[in-house]
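Chemist: Below you will find the structure I want to go over with you.
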Amino acid sequence: MRHGIDEQSWLAWLDGTLDAQARSALEAHLGICADCGWQSRQLERWRELLETEAGRLRAALCGGEEEWERMAWRSLHRLREAAARQGLGRWTVLEALSILRLLMEPICGQGTVRAVVERALERSRAAGPALTWGDWGRFVGHLSDAAASVCGSAVGRLVALAGLCLAEEAVA
Amino acid sequence: MPSQPAAAGHDALALFEDEAVDRFLREPSEESYGQLFRALAPRLLCYFRTRGCPTELAEDLAQEVMWTVYQRSWMLRRLERFRPWLYKVMRNVLLQHLRRSRRDVATVALGKETAELPAPVADPLAGSQFSEWMASLAPDEREILTLRYVDELEYHEIAEVLGLPTGTVQWKIFNAKKKLIKRFGNGRG
Ligand SMILES: [Zn+2]
């Protein structure tokens with residue numbers, strides 16, 4: 001707090017969210033107080049400086065079209081390789097997961113499906129953040145259990161059966 | 001294939017990104033993923049290089065981030081949640097890398113990196129000024145200002161990425177600017 005202006009008011013003023021009355025009071029003060037007027041001009045100046053210099057930095061460090069294209073190609077190549085290693089014929093593990101979700105959503109609702117899928121994912125991944133076909137059986141087991149307890153045993157059986165079919169179709 | 005809008009302003013680039021994200025979240029496929037990758041690559045490279053990673057490492061870490069995006073972003077559903085989530089993933093990937101390599105990378109250690117940039121960059125020392133300013137701040141202020149000005153996140157997005165209240169983020173930015181004013185005056189020597 002200085003000259004009766006607390007930092008909260010400064011923040012709100014800089015942000016353009018100070019209410020009209022407080023704003024005109026603060027701006028009137030800036031007009032007559034050399035100290036606060038100077039600070040407000042410096043803060044504004046530094047916002048501009050930081051934007052300008054950060055923009056130059058971004059332009060210098062973000063790479064170029066050729067680099068982005070090469071990286072995208074490398075990533076797609078990795079996805080295809082992973083799919084091939086898993087003996088995948090028809091769909092990726094991500095697509096199989098989407099199909100399971102679509103099957104469950106009309107019965108259990110989107111929010112519930114998201115929650116049970118997330119919980120099953122946490123429990124079933126062997127390593128790393130990504131679900132793989134290696135984790136699939138364990139994942140479907142956990143998901144089936146969770147679906148049964150939240151949405152009823154029929155949904156649990158449906159999930160288990162569909163999960164099995166999806167894996168078989170994937171290997172075919 | 002759609003490419004980055006040439007010499008686009010920030011808004012056009014953000015829109016290009018948003019469209020690619022939205023499309024991938026609605027229809028995840030190789031094609032929409034490829035487009036998403038091209039849209040996000042500049043942001044990813046910039047993130048890691050601003051935090052001191054050499055080009056090759058930045059590319060590797062960006063690949064790791066996009067692998068997670070491919071596998072996990074279906075959980076998001078909503079476009080507006082994507083950006084903070086992406087930055088959390090990037091932050092985790094960087095922290096994991098730092099733990100693995102057991103070394104400290106100063107946030108924004110840029111002098112050498114920017115001096116080695118190839119021809120398209122008009123000024124080979126571009127960015128060194130920002131780097132000098134950041135070096136005078138505490139690590140948390142440096143990270144917040146970098147997220148705000150280089151990565152162009154909103155206050156509430158920075159708050160979500162770092163797990164801080166939005167008011168704290170605003171307050172830290174305000175204080176960091178006051179420090180810069182005190183230290184560097186009007187900013188140009
Ligand atoms: Zn005053």
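Residues are referred to by chain and number: the chain letter is A, B, ... according to the order shown in the structure tokens, the number counts from 1 in that chain, and ligands are numbered separately from 1 in the order shown.
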Identify every residue of chain A that has at least one atom within 7 Å of any atom of chain B, counting only C-alpha atoms, and report the result as a list in words.
Modeler: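 Result: Leu11, Gln42, Leu43, Trp46, Leu50, Glu51, Glu53, Ala54, Gly55, Arg56, Leu57, Arg58, Ala60, Leu61, Cys62, Gly63, Trp68, Glu69, Ala72, Ser75, Leu76, Leu94, Arg114, Pro129 and Ala130 of chain A.
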Chemist: With C-alpha atoms retained, could you export that selection as a PDB file, in the first residue's frame?
Modeler:
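What follows is the written file result-v1.pdb:
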ATOM      1  CA  LEU A  11      -3.473  -5.286 -10.321  1.00  0.00           C
ATOM      2  CA  GLN A  42       6.897   2.186 -16.283  1.00  0.00           C
ATOM      3  CA  LEU A  43       4.601  -0.805 -15.747  1.00  0.00           C
ATOM      4  CA  TRP A  46       7.551  -2.948 -19.366  1.00  0.00           C
ATOM      5  CA  LEU A  50       8.321  -7.877 -22.504  1.00  0.00           C
ATOM      6  CA  GLU A  51       5.814  -8.523 -25.284  1.00  0.00           C
ATOM      7  CA  GLU A  53      11.297  -9.150 -26.692  1.00  0.00           C
ATOM      8  CA  ALA A  54       9.348 -12.338 -25.984  1.00  0.00           C
ATOM      9  CA  GLY A  55       7.939 -12.153 -29.515  1.00  0.00           C
ATOM     10  CA  ARG A  56      11.451 -11.926 -30.966  1.00  0.00           C
ATOM     11  CA  LEU A  57      12.541 -14.850 -28.837  1.00  0.00           C
ATOM     12  CA  ARG A  58       9.574 -16.919 -29.970  1.00  0.00           C
ATOM     13  CA  ALA A  60      13.947 -17.179 -33.106  1.00  0.00           C
ATOM     14  CA  LEU A  61      13.301 -20.427 -31.254  1.00  0.00           C
ATOM     15  CA  CYS A  62      10.144 -21.947 -32.689  1.00  0.00           C
ATOM     16  CA  GLY A  63      11.848 -23.582 -35.685  1.00  0.00           C
ATOM     17  CA  TRP A  68       7.824 -29.125 -38.104  1.00  0.00           C
ATOM     18  CA  GLU A  69       7.101 -31.290 -41.129  1.00  0.00           C
ATOM     19  CA  ALA A  72       5.338 -34.666 -37.698  1.00  0.00           C
ATOM     20  CA  SER A  75       5.846 -38.994 -34.975  1.00  0.00           C
ATOM     21  CA  LEU A  76       3.446 -40.565 -37.491  1.00  0.00           C
ATOM     22  CA  LEU A  94      -6.884 -45.545 -28.821  1.00  0.00           C
ATOM     23  CA  ARG A 114     -14.890 -40.695 -18.250  1.00  0.00           C
ATOM     24  CA  PRO A 129       1.492 -42.783 -19.554  1.00  0.00           C
ATOM     25  CA  ALA A 130       0.331 -44.531 -22.727  1.00  0.00           C
TER      26      ALA A 130
END
Chemist: Name the residues, by chain letter and number, that sit within 6 Å of ligand 1 using only C-alpha atoms and all ligand atoms, and give them as a list of chain:residue names.
Modeler: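 Those residues are A:His3, A:Cys33, A:Asp35, A:Cys36.
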Chemist: Rounded to one decimal in Å, what is the spacing between atom CA of A:Ala147 and atom CA of A:Val116?
Modeler: 6.8 Å
Chemist: Rounded to one decimal place, report the atom CA of B:Arg83-atom CA of B:Glu157 distance in Å.
Modeler: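 Taking atom CA of B:Arg83 and atom CA of B:Glu157, their separation equals 7.6 Å.
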Chemist: Suppose you want the space between atom CA of B:Leu61 and atom CA of A:Met71; what is it in Å?
Modeler: 11.1 Å
Chemist: Check the smallest atom-to-atom distance from each of B:Phe16, B:Phe24, B:Phe184, B:Phe82 to B:Glu132 using only C-alpha atoms, then report the winner.
Modeler: B:Phe184
Chemist: Under the rule that only C-alpha atoms are counted, which of A:Cys165, A:Ala28, A:Ala83, A:Val155 is the nearest residue to A:Trp133?
Modeler: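 Once distances to A:Trp133 are computed over only C-alpha atoms, the minimum belongs to A:Ala83.
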